[in-house]
Amino acid sequence: MLFNVTKAANLIMDETKNRYFRAIKLFELHMAIRFADGCPETKNTAEASDNSPSAILVRVPTSNMHDARMFAVLVFLEYVENKISAEKGTASAQTLARDPDWTKLFNKKFIPLGGFRRVRNLPKARDFDADLREAMWRAKQASRLIDFSLRFEPDPKRPKLIGGVTMAKTIVLESKYYNVKCAERKLHDHWKSFEPVAGFLPMIAPNRRLKRTPQVTPLPTMKQTVAEKLLERLDDREALTRFFSEYNANVARLKARGYHLQSLSGQPVADIAFEPLPEEVIDLIDAYRS
């Protein structure tokens, strides 16, 4: 299935929309980035017909995305039910049916996703977490390419060597600093999966050796209670703005390195000072240039 990153970002930032729906969309966005499975084959498909030509679209395995959505909906149904129980001393079916937040979640999210039939087929939380950990491992490998390209400084005397993805693959595979833990072909496959959302990789799979920590909004695993934490992150407007604006800053820098990426329309561009590459990597660049 296709996930529209641009629509998701706009909904998340729109405070006139339902707060729980926005929090669910925030979770969906993070899952779509982590489970990314490449670019759509074409935007001229029925699947993409409702999307703007400038929208950032990423293909995501349908089962992973539907499971993530249902997990998030169930988390918030339980959250609202617990709130009602704490306030009124009971959360009977009649009480829930009269609550506007619970009924909106139930009728507009839970039922359209398949309702109780879908719940019966959901994977166990630990299995979902295992899939997520595997996806994050792939993201960390691909993120090394982006880290290199963002920090690469072109040599005016060698204008054709711009630090794009081809050069990045060669350097990071040889570099002890980057310590890539997969073969060249696998690294290429991981890159193709995350290509449409590459600008987010420094935030979701950051290089921990950097002095400046990117704007990261880590999510708890499904074993933990997520509702309060998702709402906390949703309500931190400064952090959300920084998250999307750093994406735009990364994309602007990567475009200058030959990457074909889309910026998030309607979002600002952060002012980021990218750290120089370490000497070991610079030596590899010098060897590559020669």
# chains A, B, ... in the order shown; residues from 1 in each chain; ligands from 1
call {"tool": "select_by_dssp", "arguments": {"residues": "segment 7-194 of chain A", "states": "helix (DSSP H, G or I)", "output": "count of residues only"}}
result
124
call {"tool": "residues_around", "arguments": {"residues": "segment 169-180 of chain A", "least_positions_apart": "2", "cutoff": "9 Å", "atoms": "only C-alpha atoms", "output": "VMD selection string"}}
result
chain A and resid 140 to 141 144 to 145 148 164 to 167 182 to 184 187 to 188 278 280 to 281 284 to 285 288
call {"tool": "residues_around", "arguments": {"residues": "Arg120 of chain A", "least_positions_apart": "6", "cutoff": "12 Å", "atoms": "only C-alpha atoms", "output": "number ranges by chain"}}
result
A: 67, 70, 114
call {"tool": "atom_distance", "arguments": {"atom1": "atom CA of Leu77 of chain A", "atom2": "atom CA of Asn64 of chain A"}}
result
20.0 Å
call {"tool": "atom_distance", "arguments": {"atom1": "atom CA of Pro196 of chain A", "atom2": "atom CA of Pro40 of chain A"}}
result
9.0 Å
call {"tool": "closest_residue", "arguments": {"among": "A:Leu277, A:Val269, A:Ala125, A:Leu234", "to": "Phe152 of chain A", "atoms": "only C-alpha atoms"}}
result
A:Leu277
call {"tool": "atom_distance", "arguments": {"atom1": "atom CA of Arg34 of chain A", "atom2": "atom CA of Asp235 of chain A"}}
result
22.2 Å
call {"tool": "closest_residue", "arguments": {"among": "A:Leu132, A:Ala9, A:Ala142, A:Ile24", "to": "Lys229 of chain A", "atoms": "only C-alpha atoms"}}
result
A:Ile24
call {"tool": "closest_residue", "arguments": {"among": "A:Asn4, A:Asn207, A:Arg289, A:Ile56", "to": "Asn248 of chain A", "atoms": "only C-alpha atoms"}}
result
A:Ile56
call {"tool": "residues_around", "arguments": {"residues": "Trp102 of chain A", "least_positions_apart": "5", "cutoff": "8 Å", "atoms": "only C-alpha atoms", "output": "mmCIF file with C-alpha atoms, in the first residue's frame"}}
result
data_model
loop_
_atom_site.group_PDB
_atom_site.id
_atom_site.type_symbol
_atom_site.label_atom_id
_atom_site.label_comp_id
_atom_site.auth_asym_id
_atom_site.auth_seq_id
_atom_site.Cartn_x
_atom_site.Cartn_y
_atom_site.Cartn_z
ATOM 1 C CA LEU A 77 -9.794 3.027 22.895
ATOM 2 C CA VAL A 80 -10.314 6.718 26.716
ATOM 3 C CA GLU A 81 -12.080 3.843 28.488
ATOM 4 C CA LEU A 96 -18.808 4.245 26.377
ATOM 5 C CA ALA A 97 -21.527 4.601 23.732
#
call {"tool": "closest_residue", "arguments": {"among": "A:Leu254, A:Gln262, A:Leu240, A:Glu134", "to": "Asn10 of chain A", "atoms": "only C-alpha atoms"}}
result
A:Leu240
call {"tool": "residues_around", "arguments": {"residues": "segment 105-112 of chain A", "least_positions_apart": "6", "cutoff": "8 Å", "atoms": "only C-alpha atoms", "output": "CSV table (one decimal) with N, CA, C and O atoms, in the first residue's frame"}}
result
chain,number,residue,atom,x,y,z
A,20,TYR,N,-6.9,12.6,19.1
A,20,TYR,CA,-6.6,11.2,19.1
A,20,TYR,C,-6.3,10.7,17.7
A,20,TYR,O,-5.4,9.9,17.5
A,21,PHE,N,-7.0,11.2,16.7
A,21,PHE,CA,-6.7,10.8,15.3
A,21,PHE,C,-5.4,11.3,14.9
A,21,PHE,O,-4.6,10.6,14.2
A,70,MET,N,-4.2,-0.7,13.8
A,70,MET,CA,-5.1,-1.3,14.7
A,70,MET,C,-4.5,-1.3,16.1
A,70,MET,O,-5.3,-1.0,17.1
A,73,VAL,N,-5.1,2.2,17.4
A,73,VAL,CA,-6.5,2.5,17.7
A,73,VAL,C,-6.9,1.8,19.0
A,73,VAL,O,-7.6,2.3,19.9
A,74,LEU,N,-6.5,0.5,19.2
A,74,LEU,CA,-6.8,-0.2,20.4
A,74,LEU,C,-6.2,0.5,21.7
A,74,LEU,O,-6.8,0.5,22.7
A,76,PHE,N,-5.7,3.6,22.1
A,76,PHE,CA,-6.5,4.8,22.4
A,76,PHE,C,-7.9,4.5,22.9
A,76,PHE,O,-8.5,5.2,23.7
A,77,LEU,N,-8.5,3.5,22.4
A,77,LEU,CA,-9.8,3.0,22.9
A,77,LEU,C,-9.7,2.7,24.4
A,77,LEU,O,-10.5,3.1,25.2
call {"tool": "residues_around", "arguments": {"residues": "Ala8 of chain A", "least_positions_apart": "6", "cutoff": "12 Å", "atoms": "only C-alpha atoms", "output": "ChimeraX atom specification"}}
result
/A:14,21-33,51,55-58,244,264-265
call {"tool": "write_last_selection", "arguments": {"atoms": "C-alpha atoms", "output": "short mmCIF file (atom, residue, chain, number, x, y, z; two decimals), in the first residue's frame"}}
result
data_model
loop_
_atom_site.label_atom_id
_atom_site.label_comp_id
_atom_site.auth_asym_id
_atom_site.auth_seq_id
_atom_site.Cartn_x
_atom_site.Cartn_y
_atom_site.Cartn_z
CA ASP A 14 -3.33 20.65 12.32
CA PHE A 21 -6.74 10.84 15.31
CA ARG A 22 -3.63 13.03 15.03
CA ALA A 23 -1.80 10.90 17.62
CA ILE A 24 -2.72 7.75 15.71
CA LYS A 25 -1.42 9.33 12.52
CA LEU A 26 1.84 10.22 14.29
CA PHE A 27 2.27 6.56 15.18
CA GLU A 28 1.38 5.54 11.61
CA LEU A 29 3.98 7.95 10.22
CA HIS A 30 6.75 6.51 12.37
CA MET A 31 5.76 2.98 11.42
CA ALA A 32 5.58 3.87 7.71
CA ILE A 33 9.10 5.28 7.85
CA ASN A 51 -2.39 12.26 -3.93
CA ALA A 55 3.26 14.44 -2.16
CA ILE A 56 5.88 12.21 -0.57
CA LEU A 57 4.67 8.66 -1.12
CA VAL A 58 6.25 5.53 0.29
CA PHE A 244 9.72 18.06 10.10
CA LEU A 264 7.53 18.53 2.91
CA SER A 265 5.37 21.35 1.60
#
